[in-house]
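Engineer: Below is the file upload-v2.tsv, which contains TSV, C-alpha atoms.
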chain	number	residue	atom	x	y	z
P	1	MET	CA	17.89	-6.69	-7.20
P	2	LEU	CA	19.33	-3.37	-8.41
P	3	LEU	CA	17.32	-3.57	-11.64
P	4	THR	CA	14.11	-4.27	-9.74
P	5	LEU	CA	14.79	-1.45	-7.28
P	6	ALA	CA	15.52	0.99	-10.12
P	7	ILE	CA	12.27	0.00	-11.84
P	8	PHE	CA	10.29	0.40	-8.63
P	9	LEU	CA	11.86	3.80	-7.92
P	10	ALA	CA	10.92	4.94	-11.42
P	11	ILE	CA	7.39	3.61	-10.87
P	12	ALA	CA	7.17	5.31	-7.48
P	13	PHE	CA	8.18	8.69	-8.94
P	14	ALA	CA	5.79	8.23	-11.87
P	15	ASN	CA	3.13	7.22	-9.36
P	16	VAL	CA	3.18	10.74	-7.92
P	17	VAL	CA	2.57	12.25	-11.34
P	18	VAL	CA	-0.23	9.81	-12.15
P	19	GLY	CA	-1.62	9.67	-8.60
P	20	VAL	CA	-2.00	13.42	-8.06
P	21	TYR	CA	-3.72	13.85	-11.42
P	22	LEU	CA	-6.00	10.86	-10.83
P	23	GLU	CA	-6.90	12.06	-7.34
P	24	ARG	CA	-7.91	15.45	-8.68
P	25	LYS	CA	-9.98	13.97	-11.48
P	26	ILE	CA	-11.56	11.23	-9.35
P	27	SER	CA	-12.47	13.70	-6.61
P	28	ALA	CA	-13.91	16.03	-9.24
P	29	PHE	CA	-16.00	13.21	-10.72
P	30	ILE	CA	-17.31	12.19	-7.28
P	31	GLN	CA	-18.20	15.83	-6.49
P	32	ASP	CA	-19.74	16.41	-9.94
P	33	ARG	CA	-17.17	18.93	-11.21
P	34	LEU	CA	-14.40	18.98	-13.83
P	35	GLY	CA	-11.19	19.33	-11.85
P	36	PRO	CA	-8.08	20.89	-13.50
P	37	MET	CA	-8.81	21.80	-17.13
P	38	GLU	CA	-6.85	24.96	-17.95
P	39	VAL	CA	-3.16	23.93	-17.91
P	40	GLY	CA	-2.61	21.55	-20.80
P	41	HIS	CA	-5.16	19.34	-22.50
P	42	TRP	CA	-7.62	18.09	-19.82
P	43	GLY	CA	-5.34	19.70	-17.23
P	44	LEU	CA	-2.55	17.19	-17.82
P	45	LEU	CA	0.17	19.80	-17.23
P	46	GLN	CA	-1.28	21.07	-13.94
P	47	LEU	CA	1.11	18.92	-11.88
P	48	VAL	CA	4.09	20.20	-13.90
P	49	ALA	CA	3.02	23.75	-13.10
P	50	ASP	CA	2.63	22.87	-9.41
P	51	LEU	CA	6.09	21.27	-9.27
P	52	LEU	CA	7.70	24.29	-10.90
P	53	LYS	CA	5.96	26.50	-8.36
P	54	LEU	CA	7.15	24.35	-5.44
P	55	ILE	CA	10.76	24.27	-6.65
P	56	GLN	CA	10.82	28.07	-6.92
P	57	LYS	CA	9.40	28.63	-3.44
P	58	GLU	CA	11.68	29.79	-0.65
P	59	ASP	CA	12.86	27.07	1.74
P	60	ILE	CA	11.72	28.57	5.05
P	61	ILE	CA	13.05	27.22	8.35
P	62	PRO	CA	11.44	28.64	11.53
P	63	ALA	CA	13.82	30.66	13.69
P	64	ASN	CA	13.26	28.54	16.80
P	65	ALA	CA	13.22	25.18	15.04
P	66	ASP	CA	15.86	22.49	15.51
P	67	ARG	CA	17.50	23.06	12.12
P	68	SER	CA	19.29	19.72	11.75
P	69	LEU	CA	16.27	17.58	12.69
P	70	PHE	CA	13.92	19.85	10.72
P	71	LYS	CA	16.00	19.35	7.56
P	72	PHE	CA	16.56	15.61	8.04
P	73	ALA	CA	12.96	14.57	8.83
P	74	PRO	CA	11.60	14.74	5.23
P	75	ILE	CA	14.70	12.94	3.94
P	76	MET	CA	14.28	10.17	6.52
P	77	LEU	CA	10.59	9.81	5.65
P	78	PHE	CA	11.55	9.54	1.99
P	79	MET	CA	14.26	6.95	2.70
P	80	VAL	CA	12.21	4.58	4.86
P	81	VAL	CA	9.25	4.55	2.46
P	82	PHE	CA	11.31	3.98	-0.68
P	83	ALA	CA	13.53	1.38	1.01
P	84	GLY	CA	10.46	-0.83	1.28
P	85	PHE	CA	10.24	-1.23	-2.50
P	86	ALA	CA	13.53	-3.15	-2.54
P	87	VAL	CA	11.93	-6.38	-1.29
P	88	PHE	CA	9.00	-6.51	-3.72
P	89	PRO	CA	8.98	-9.09	-6.56
P	90	LEU	CA	7.97	-7.31	-9.76
P	91	SER	CA	7.55	-10.54	-11.76
P	92	SER	CA	8.66	-14.17	-11.83
P	93	GLY	CA	12.09	-13.14	-13.14
P	94	LEU	CA	12.53	-9.96	-11.09
P	95	PRO	CA	12.41	-11.08	-7.44
P	96	GLY	CA	13.66	-7.87	-5.83
P	97	SER	CA	16.08	-8.37	-2.96
P	98	GLY	CA	15.06	-12.04	-2.71
P	99	THR	CA	15.50	-12.03	1.05
P	100	GLN	CA	13.84	-14.94	2.83
P	101	THR	CA	12.44	-12.61	5.49
P	102	GLY	CA	11.04	-10.01	3.09
P	103	VAL	CA	7.74	-9.49	4.94
P	104	PHE	CA	9.46	-8.97	8.28
P	105	LEU	CA	12.07	-6.63	6.77
P	106	LEU	CA	9.44	-4.57	4.98
P	107	LEU	CA	7.27	-4.06	8.06
P	108	ALA	CA	10.34	-3.25	10.18
P	109	VAL	CA	11.73	-0.65	7.77
P	110	VAL	CA	8.45	1.08	6.98
P	111	SER	CA	7.55	1.38	10.68
P	112	LEU	CA	10.47	3.82	10.99
P	113	ASP	CA	8.31	6.49	9.35
P	114	ILE	CA	6.93	7.08	12.87
P	115	LEU	CA	10.32	8.48	13.88
P	116	ALA	CA	10.45	10.74	10.83
P	117	ILE	CA	6.96	12.12	11.44
P	118	MET	CA	7.61	12.68	15.14
P	119	MET	CA	10.95	14.28	14.28
P	120	ALA	CA	9.25	16.68	11.84
P	121	GLY	CA	6.62	17.76	14.35
P	122	TRP	CA	8.99	18.12	17.30
P	123	ALA	CA	11.72	19.95	15.37
P	124	SER	CA	9.23	22.48	13.96
P	125	ASN	CA	8.64	23.97	17.44
P	126	ASN	CA	4.99	24.50	16.49
P	127	LYS	CA	2.04	23.32	18.58
P	128	TYR	CA	0.01	22.34	15.50
P	129	SER	CA	2.90	20.34	14.10
P	130	LEU	CA	3.57	18.64	17.44
P	131	LEU	CA	-0.12	17.76	17.90
P	132	GLY	CA	-0.26	16.38	14.37
P	133	SER	CA	2.84	14.26	14.87
P	134	MET	CA	1.58	12.89	18.20
P	135	ARG	CA	-1.72	11.95	16.59
P	136	SER	CA	0.18	10.24	13.81
P	137	VAL	CA	2.36	8.21	16.18
P	138	ALA	CA	-0.66	7.06	18.19
P	139	GLN	CA	-2.58	6.18	15.03
P	140	ILE	CA	0.18	4.33	13.19
P	141	ILE	CA	1.28	2.32	16.23
P	142	SER	CA	-2.35	1.36	16.93
P	143	TYR	CA	-3.10	0.22	13.39
P	144	GLU	CA	0.17	-1.64	13.00
P	145	VAL	CA	-1.30	-4.25	15.36
P	146	PRO	CA	-4.27	-5.37	13.17
P	147	LEU	CA	-2.15	-4.89	10.04
P	148	GLY	CA	0.60	-7.13	11.40
P	149	LEU	CA	-1.92	-9.75	12.56
P	150	SER	CA	-3.60	-9.84	9.13
P	151	VAL	CA	-0.18	-10.32	7.52
P	152	LEU	CA	0.56	-13.08	10.05
P	153	CYS	CA	-2.59	-14.91	8.90
P	154	VAL	CA	-1.12	-15.07	5.38
P	155	ILE	CA	2.22	-16.29	6.73
P	156	LEU	CA	0.44	-19.11	8.56
P	157	ILE	CA	-1.17	-20.25	5.31
P	158	THR	CA	1.92	-19.88	3.10
P	159	GLN	CA	4.52	-20.90	5.72
P	160	THR	CA	7.07	-18.42	4.41
P	161	LEU	CA	8.23	-14.80	4.81
P	162	ASP	CA	9.60	-14.65	1.25
P	163	LEU	CA	7.38	-12.40	-0.88
P	164	GLN	CA	8.49	-14.08	-4.11
P	165	GLU	CA	7.60	-17.53	-2.80
P	166	ILE	CA	4.22	-16.20	-1.61
P	167	SER	CA	3.64	-14.95	-5.16
P	168	PHE	CA	4.62	-18.29	-6.73
P	169	GLN	CA	2.22	-20.15	-4.44
P	170	GLN	CA	-0.70	-18.17	-5.86
P	171	GLY	CA	-0.33	-19.16	-9.51
P	172	ILE	CA	0.22	-21.91	-12.05
P	173	PHE	CA	4.03	-21.90	-11.64
P	174	TRP	CA	4.01	-23.41	-8.15
P	175	ASN	CA	5.42	-26.93	-8.10
P	176	GLU	CA	2.95	-28.17	-5.47
P	177	LYS	CA	-0.80	-28.68	-5.61
P	178	ASN	CA	-3.36	-26.01	-4.82
P	179	TYR	CA	-6.76	-27.23	-3.67
P	180	LEU	CA	-9.99	-25.25	-3.86
P	181	PHE	CA	-10.38	-23.19	-0.66
P	182	GLY	CA	-7.15	-24.82	0.52
P	183	ILE	CA	-8.98	-27.94	1.71
P	184	LYS	CA	-7.28	-31.12	0.55
P	185	ALA	CA	-10.27	-33.23	1.62
P	186	LEU	CA	-12.42	-31.68	-1.11
P	187	GLY	CA	-10.11	-33.17	-3.73
P	188	VAL	CA	-10.60	-30.29	-6.18
P	189	ASP	CA	-7.14	-29.52	-7.61
P	190	VAL	CA	-6.97	-26.01	-9.10
P	191	SER	CA	-3.18	-25.99	-9.65
P	192	GLU	CA	-3.52	-26.21	-13.43
P	193	ILE	CA	-6.49	-23.85	-13.55
P	194	GLY	CA	-4.69	-20.96	-11.84
P	195	GLY	CA	-6.12	-17.47	-11.98
P	196	PHE	CA	-7.98	-16.02	-9.02
P	197	LEU	CA	-8.83	-19.50	-7.70
P	198	THR	CA	-5.25	-19.87	-6.43
P	199	TRP	CA	-5.08	-16.48	-4.72
P	200	ASN	CA	-4.70	-16.52	-0.96
P	201	ILE	CA	-8.20	-15.13	-0.42
P	202	PHE	CA	-9.48	-18.35	-2.05
P	203	ARG	CA	-6.91	-20.69	-0.52
P	204	ASN	CA	-8.46	-19.61	2.78
P	205	PRO	CA	-11.77	-17.76	2.27
P	206	PHE	CA	-11.45	-16.16	5.72
P	207	LEU	CA	-8.44	-14.28	4.37
P	208	LEU	CA	-10.92	-12.16	2.42
P	209	ILE	CA	-11.94	-10.70	5.79
P	210	GLY	CA	-8.25	-10.43	6.62
P	211	PHE	CA	-7.70	-8.49	3.41
P	212	VAL	CA	-10.48	-6.03	4.30
P	213	ILE	CA	-8.89	-5.50	7.73
P	214	TYR	CA	-5.47	-5.09	6.11
P	215	PHE	CA	-6.86	-2.49	3.70
P	216	ILE	CA	-8.50	-0.50	6.51
P	217	ALA	CA	-5.28	-0.58	8.55
P	218	ALA	CA	-3.27	0.39	5.45
P	219	LEU	CA	-5.44	3.50	5.05
P	220	ALA	CA	-4.50	4.48	8.60
P	221	GLU	CA	-0.82	3.69	7.98
P	222	SER	CA	-0.87	5.98	4.93
P	223	ASN	CA	-2.73	8.77	6.78
P	224	ARG	CA	-5.51	8.55	4.21
P	225	ALA	CA	-9.09	9.60	4.93
P	226	PRO	CA	-11.10	8.73	6.91
P	227	PHE	CA	-7.93	8.26	8.99
P	228	ASP	CA	-6.18	11.52	8.06
P	229	LEU	CA	-6.22	12.94	11.59
P	230	PRO	CA	-2.43	13.59	11.63
P	231	GLU	CA	-2.89	16.04	8.74
P	232	ALA	CA	-6.55	17.06	9.11
P	233	GLU	CA	-6.23	20.31	7.15
P	234	SER	CA	-9.53	21.68	8.47
P	235	GLU	CA	-8.41	21.22	12.10
P	236	LEU	CA	-4.62	21.31	12.35
P	237	ILE	CA	-3.46	23.42	9.39
P	238	ALA	CA	-1.80	20.37	7.76
P	239	GLY	CA	-0.54	18.70	10.92
P	240	PHE	CA	3.07	17.58	11.32
P	241	HIS	CA	4.30	19.35	8.15
P	242	THR	CA	2.73	22.74	8.92
P	243	GLU	CA	6.07	24.55	8.87
P	244	TYR	CA	7.43	22.91	5.70
P	245	SER	CA	7.40	24.69	2.37
P	246	GLY	CA	8.74	24.36	-1.14
P	247	PHE	CA	10.81	21.32	-2.00
P	248	ARG	CA	10.78	19.82	1.51
P	249	TRP	CA	6.98	19.84	1.52
P	250	ALA	CA	7.05	18.22	-1.94
P	251	ILE	CA	9.26	15.41	-0.57
P	252	ILE	CA	6.71	14.74	2.18
P	253	MET	CA	3.89	14.56	-0.38
P	254	LEU	CA	6.04	12.33	-2.60
P	255	SER	CA	6.51	9.95	0.34
P	256	GLU	CA	2.78	9.94	1.09
P	257	TYR	CA	1.84	8.87	-2.43
P	258	ALA	CA	4.70	6.35	-2.45
P	259	MET	CA	3.28	4.87	0.78
P	260	MET	CA	-0.09	4.46	-0.95
P	261	LEU	CA	1.60	2.46	-3.69
P	262	LEU	CA	3.69	0.46	-1.22
P	263	VAL	CA	0.77	-0.75	0.93
P	264	SER	CA	-1.22	-1.50	-2.23
P	265	ILE	CA	1.56	-3.66	-3.71
P	266	LEU	CA	2.02	-5.47	-0.39
P	267	GLY	CA	-1.72	-6.17	-0.24
P	268	VAL	CA	-1.66	-7.51	-3.79
P	269	VAL	CA	1.32	-9.78	-3.10
P	270	LEU	CA	-0.10	-11.15	0.15
P	271	PHE	CA	-3.76	-11.57	-0.78
P	272	LEU	CA	-4.45	-11.02	-4.49
P	273	GLY	CA	-1.97	-13.24	-6.30
P	274	GLY	CA	0.96	-10.84	-6.66
P	275	TRP	CA	2.19	-10.77	-10.24
P	276	ASN	CA	0.04	-13.77	-11.22
P	277	THR	CA	-2.79	-13.37	-13.72
P	278	PRO	CA	-6.39	-13.27	-12.44
P	279	LEU	CA	-7.59	-15.20	-15.51
P	280	PRO	CA	-8.04	-18.98	-15.04
P	281	ASN	CA	-7.59	-21.78	-17.57
P	282	ILE	CA	-11.08	-22.78	-18.71
P	283	GLY	CA	-11.10	-25.84	-20.95
P	284	PRO	CA	-9.44	-25.06	-24.29
P	285	ALA	CA	-9.18	-21.36	-23.33
P	286	GLN	CA	-5.83	-21.45	-21.51
P	287	LEU	CA	-6.15	-17.86	-20.28
P	288	ALA	CA	-3.75	-18.26	-17.36
P	289	ASN	CA	-1.05	-19.71	-19.62
P	290	TRP	CA	-1.58	-17.08	-22.32
P	291	THR	CA	-1.42	-14.15	-19.88
P	292	SER	CA	1.49	-15.34	-17.72
P	293	GLY	CA	4.38	-15.73	-20.17
P	294	GLU	CA	7.36	-17.90	-19.26
P	295	VAL	CA	9.19	-17.84	-15.95
P	296	GLY	CA	12.27	-15.63	-16.15
P	297	GLN	CA	11.65	-14.59	-19.78
P	298	TRP	CA	10.84	-11.08	-20.95
P	299	SER	CA	7.24	-12.08	-21.69
P	300	GLY	CA	6.76	-13.33	-18.14
P	301	ASN	CA	8.37	-10.17	-16.73
P	302	LEU	CA	6.10	-7.90	-18.76
P	303	TRP	CA	2.94	-9.81	-17.89
P	304	GLY	CA	3.95	-10.00	-14.22
P	305	ALA	CA	4.65	-6.28	-13.94
P	306	PHE	CA	1.40	-5.51	-15.76
P	307	TRP	CA	-0.76	-7.60	-13.42
P	308	LEU	CA	1.01	-6.44	-10.26
P	309	LEU	CA	0.65	-2.75	-11.09
P	310	SER	CA	-2.90	-3.13	-12.43
P	311	LYS	CA	-4.11	-4.69	-9.19
P	312	SER	CA	-2.16	-2.14	-7.14
P	313	TYR	CA	-3.66	0.82	-8.98
P	314	LEU	CA	-7.12	-0.66	-8.49
P	315	LEU	CA	-6.47	-0.53	-4.73
P	316	ILE	CA	-5.13	3.04	-5.04
P	317	PHE	CA	-8.34	3.98	-6.87
P	318	ILE	CA	-10.37	2.54	-3.97
P	319	GLN	CA	-8.24	4.53	-1.50
P	320	MET	CA	-9.06	7.72	-3.41
P	321	TRP	CA	-12.72	6.75	-3.65
P	322	VAL	CA	-12.90	6.23	0.12
P	323	ARG	CA	-11.19	9.57	0.78
P	324	TRP	CA	-13.75	11.57	-1.17
P	325	THR	CA	-16.73	9.59	0.12
P	326	LEU	CA	-16.39	9.04	3.88
P	327	PRO	CA	-16.08	11.72	6.59
P	328	ARG	CA	-13.09	11.83	8.94
P	329	LEU	CA	-13.30	9.82	12.17
P	330	ARG	CA	-12.88	11.34	15.59
P	331	VAL	CA	-9.85	10.29	17.65
P	332	ASP	CA	-11.94	8.16	20.01
P	333	GLN	CA	-13.68	6.45	17.06
P	334	LEU	CA	-10.32	5.78	15.42
P	335	MET	CA	-8.89	4.12	18.54
P	336	HIS	CA	-12.10	2.18	19.21
P	337	LEU	CA	-12.03	0.75	15.69
P	338	SER	CA	-8.41	-0.36	16.04
P	339	TRP	CA	-8.34	-1.85	19.54
P	340	LYS	CA	-11.92	-3.06	20.05
P	341	VAL	CA	-12.98	-4.10	16.54
P	342	LEU	CA	-10.13	-4.87	14.14
P	343	THR	CA	-7.63	-6.37	16.62
P	344	PRO	CA	-10.10	-8.90	18.16
P	345	PHE	CA	-11.27	-9.86	14.67
P	346	CYS	CA	-7.67	-10.45	13.61
P	347	LEU	CA	-6.97	-12.63	16.64
P	348	VAL	CA	-9.94	-14.83	15.73
P	349	LEU	CA	-8.77	-14.95	12.10
P	350	LEU	CA	-5.32	-15.97	13.28
P	351	LEU	CA	-6.81	-18.95	15.11
P	352	ILE	CA	-8.92	-19.88	12.08
P	353	SER	CA	-5.89	-19.62	9.78
P	354	GLY	CA	-3.97	-22.03	12.01
P	355	ILE	CA	-6.82	-24.55	11.84
P	356	TRP	CA	-7.13	-24.03	8.08
P	357	ARG	CA	-3.44	-24.74	7.67
P	358	LEU	CA	-3.91	-28.10	9.45
P	359	LEU	CA	-6.72	-28.96	6.99
P	360	MET	CA	-4.43	-28.13	4.05
P	361	ILE	CA	-1.76	-30.65	5.10
Could you express the structure from this file as structure tokens?
Structural biologist:
Amino acid sequence: MLLTLAIFLAIAFANVVVGVYLERKISAFIQDRLGPMEVGHWGLLQLVADLLKLIQKEDIIPANADRSLFKFAPIMLFMVVFAGFAVFPLSSGLPGSGTQTGVFLLLAVVSLDILAIMMAGWASNNKYSLLGSMRSVAQIISYEVPLGLSVLCVILITQTLDLQEISFQQGIFWNEKNYLFGIKALGVDVSEIGGFLTWNIFRNPFLLIGFVIYFIAALAESNRAPFDLPEAESELIAGFHTEYSGFRWAIIMLSEYAMMLLVSILGVVLFLGGWNTPLPNIGPAQLANWTSGEVGQWSGNLWGAFWLLSKSYLLIFIQMWVRWTLPRLRVDQLMHLSWKVLTPFCLVLLLISGIWRLLMI
């Protein structure tokens, strides 16, 4: 567990370096410009320059702010986001915490970021910060409902809360049979074929819709556009972290990019096969066997980590693509989408998943 957590923490910190640079370059490409080019080759050292600038900035605390809460809020936000990485399985041999209620624990811990955001806005004694934090609380609580229901659909199909077991079920290492589309009556056994055919979105095709709903809700959970109302720089002067500067502001940004990685990894584990390879065995070309390694061996750990992070960064790329493509929603549109569109859809999917589970038995 400690080794897996250390690896994930290193990945999460590296994710900020890679993520900020990628976001700048991807946004520049979408807007037909170059992005950072002056500091280092292709602007690779721009983030280093920004970090040095942030570290040297004065740590300003407003005179009328609640000093203890103001100081603790970024630390709490950092803690609750990074605590979530402890339960993730990095590969077949690196199961993370291995807790049997990993999904429940992860959702419970990460939901505490609401308290940190509200604490930051309230303690700042600033109307923009308070308005931003209140928007964030309303948004995150609202979108936790469809997100939780989409996760519950996966739990109905897999019959477990253990993230490592969910990962094993979606590959060639599972000791039970996987049938095409999860329907035993079809008689098409894909257990030995593996690859994407054993992912949860193919074990129950309706989970593909569930994955889309999960991804939309995850954007709102991460305060990413078009759901970035809590920050909304053009309206609220950065929202709940208006009064933060220097290193404390950097911690908040670090947590935001870590949250992007966290929801992406969770989506991959629940819907897209986790650390399993997407390549199936096709006749003599045993692609799944060749690109999976052995369970518990270094080869399996390397392949597992590679596939998990590759899929996760594909989702992060889509998050960045969406941010620089779609306009921001209004508050009423945001709430309408959550309560009148996504939540009813998820309730129907939950019923379908229960029926699908009966067909799998």
Engineer: Looking at P:Cys346, P:Ala116, P:Leu308, P:Ala86, which one is nearest to Gly210 in chain P, with distances taken over only C-alpha atoms?
Structural biologist: P:Cys346
Engineer: Rounded to one decimal, what separation in Å do you get between CA of Leu47 in chain P and CA of Leu254 in chain P?
Structural biologist: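 Atom-to-atom, CA of Leu47 in chain P and CA of Leu254 in chain P are spaced 12.4 Å apart.
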Engineer: Which one is closest to Asn178 in chain P: P:Pro327, P:Gly194, P:Pro205, P:Gly293? Count all atoms listed in the file.
Structural biologist: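 Closest residue, counting all atoms listed in the file: P:Gly194.
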Engineer: Compile the contact shell of range 11-19 of chain P as a PDB file with C-alpha atoms, in the coordinates of the input: residues with an atom at most 10 Å away, counting only C-alpha atoms, same-chain residues fewer than 5 positions apart removed.
Structural biologist:
ATOM      1  CA  LEU P   5      14.790  -1.450  -7.280  1.00  0.00           C
ATOM      2  CA  ALA P   6      15.520   0.990 -10.120  1.00  0.00           C
ATOM      3  CA  ARG P  24      -7.910  15.450  -8.680  1.00  0.00           C
ATOM      4  CA  LYS P  25      -9.980  13.970 -11.480  1.00  0.00           C
ATOM      5  CA  LEU P  44      -2.550  17.190 -17.820  1.00  0.00           C
ATOM      6  CA  LEU P  45       0.170  19.800 -17.230  1.00  0.00           C
ATOM      7  CA  GLN P  46      -1.280  21.070 -13.940  1.00  0.00           C
ATOM      8  CA  LEU P  47       1.110  18.920 -11.880  1.00  0.00           C
ATOM      9  CA  VAL P  48       4.090  20.200 -13.900  1.00  0.00           C
ATOM     10  CA  LEU P  51       6.090  21.270  -9.270  1.00  0.00           C
ATOM     11  CA  PHE P  82      11.310   3.980  -0.680  1.00  0.00           C
ATOM     12  CA  PHE P  85      10.240  -1.230  -2.500  1.00  0.00           C
ATOM     13  CA  MET P 253       3.890  14.560  -0.380  1.00  0.00           C
ATOM     14  CA  LEU P 254       6.040  12.330  -2.600  1.00  0.00           C
ATOM     15  CA  SER P 255       6.510   9.950   0.340  1.00  0.00           C
ATOM     16  CA  GLU P 256       2.780   9.940   1.090  1.00  0.00           C
ATOM     17  CA  TYR P 257       1.840   8.870  -2.430  1.00  0.00           C
ATOM     18  CA  ALA P 258       4.700   6.350  -2.450  1.00  0.00           C
ATOM     19  CA  MET P 259       3.280   4.870   0.780  1.00  0.00           C
ATOM     20  CA  MET P 260      -0.090   4.460  -0.950  1.00  0.00           C
ATOM     21  CA  LEU P 261       1.600   2.460  -3.690  1.00  0.00           C
ATOM     22  CA  LEU P 262       3.690   0.460  -1.220  1.00  0.00           C
ATOM     23  CA  LEU P 309       0.650  -2.750 -11.090  1.00  0.00           C
ATOM     24  CA  TYR P 313      -3.660   0.820  -8.980  1.00  0.00           C
ATOM     25  CA  ILE P 316      -5.130   3.040  -5.040  1.00  0.00           C
ATOM     26  CA  PHE P 317      -8.340   3.980  -6.870  1.00  0.00           C
ATOM     27  CA  MET P 320      -9.060   7.720  -3.410  1.00  0.00           C
TER      28      MET P 320
END
Engineer: Pick from P:Ile183, P:Val20, P:Val145, P:Ala123: nearest to Ala63 in chain P, with only C-alpha atoms counted?
Structural biologist: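 The answer is P:Ala123, which sits nearest to Ala63 in chain P.
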Engineer: Suppose you want the space between CA of Ala217 in chain P and CA of Glu165 in chain P; what is it in Å?
Structural biologist: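 Those two atoms sit 24.1 Å apart.
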Engineer: As an exercise, work out the distance from CA of Ala220 in chain P to CA of Ile265 in chain P in Å and give it to one decimal place.
Structural biologist: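 Between CA of Ala220 in chain P and CA of Ile265 in chain P the gap works out to 16.0 Å.
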Engineer: So, with all atoms listed in the file as the atoms that count, which of P:Arg248, P:Arg328, P:His241, P:Lys340 lies closest to Leu131 in chain P?
Structural biologist: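 So, comparing all the options, the nearest one is P:His241.
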Engineer: So, with only C-alpha atoms as the atoms that count, which of P:Ile117, P:Leu147, P:Ala288, P:Val110 lies closest to Thr198 in chain P?
Structural biologist: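 The closest residue to Thr198 in chain P is P:Ala288.
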Engineer: Please provide the set of residues having any atom within 7 Å of Ile55 in chain P, restricted to all atoms listed in the file, with same-chain residues fewer than 3 positions apart removed, written as a list in words.
Structural biologist: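 In the requested format, the answer is Leu51, Leu52, Gly246 and Phe247 of chain P.
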Engineer: Given the choices P:Leu163, P:Val268, P:Ile355, P:Leu22, which gets closest to Leu94 in chain P if the distance is worked out from only C-alpha atoms?
Structural biologist: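 Under the stated criterion, the closest residue is P:Leu163.
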Engineer: The residues within 10 Å of (11.1, -12.7, 8.3), using all atoms listed in the file and the coordinates of the file, should be reported as JSON, numbers by chain; which are they?
Structural biologist: {"P": [99, 100, 101, 102, 103, 104, 105, 106, 107, 108, 155, 160, 161, 162, 163]}
Engineer: Any chance you could work out the axis-aligned box around range 126-140 of chain P, listed atoms only, 5 Å on each side, giving centre and edge lengths in Å to one decimal, as lines of an AutoDock Vina configuration file?
Structural biologist:
center_x = 1.2
center_y = 14.4
center_z = 15.9
size_x = 17.6
size_y = 30.2
size_z = 15.4
Engineer: Identify, on the basis of only C-alpha atoms, every residue whose closest approach to Trp321 in chain P does not exceed 9 Å; exclude the query and any residue fewer than 3 positions from it along the same chain; express the result as a PDB file with C-alpha atoms, in the frame of the given file.
Structural biologist:
ATOM      1  CA  GLU P  23      -6.900  12.060  -7.340  1.00  0.00           C
ATOM      2  CA  ILE P  26     -11.560  11.230  -9.350  1.00  0.00           C
ATOM      3  CA  SER P  27     -12.470  13.700  -6.610  1.00  0.00           C
ATOM      4  CA  ILE P  30     -17.310  12.190  -7.280  1.00  0.00           C
ATOM      5  CA  ILE P 316      -5.130   3.040  -5.040  1.00  0.00           C
ATOM      6  CA  PHE P 317      -8.340   3.980  -6.870  1.00  0.00           C
ATOM      7  CA  ILE P 318     -10.370   2.540  -3.970  1.00  0.00           C
ATOM      8  CA  TRP P 324     -13.750  11.570  -1.170  1.00  0.00           C
ATOM      9  CA  THR P 325     -16.730   9.590   0.120  1.00  0.00           C
ATOM     10  CA  LEU P 326     -16.390   9.040   3.880  1.00  0.00           C
TER      11      LEU P 326
END
Engineer: Residues near Asp59 in chain P, anyone? I mean within 12 Å using only C-alpha atoms, not counting same-chain ones fewer than 5 positions away, as a list in words.
Structural biologist: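 After dropping sequence-adjacent residues, the list is Leu54, Phe70, Lys71, Glu243, Tyr244, Ser245, Gly246, Phe247, Arg248, Trp249 and Ala250 of chain P.
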Engineer: Neighbours of range 65-69 of chain P within 7 Å (only C-alpha atoms; same-chain residues fewer than 6 positions away dropped), as number ranges by chain?
Structural biologist: P: 119, 123-125
Engineer: Would you output that residue set with C-alpha atoms, as a PDB file, keeping the file's coordinate frame?
Structural biologist:
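Output (part.pdb):
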ATOM      1  CA  MET P 119      10.950  14.280  14.280  1.00  0.00           C
ATOM      2  CA  ALA P 123      11.720  19.950  15.370  1.00  0.00           C
ATOM      3  CA  SER P 124       9.230  22.480  13.960  1.00  0.00           C
ATOM      4  CA  ASN P 125       8.640  23.970  17.440  1.00  0.00           C
TER       5      ASN P 125
END
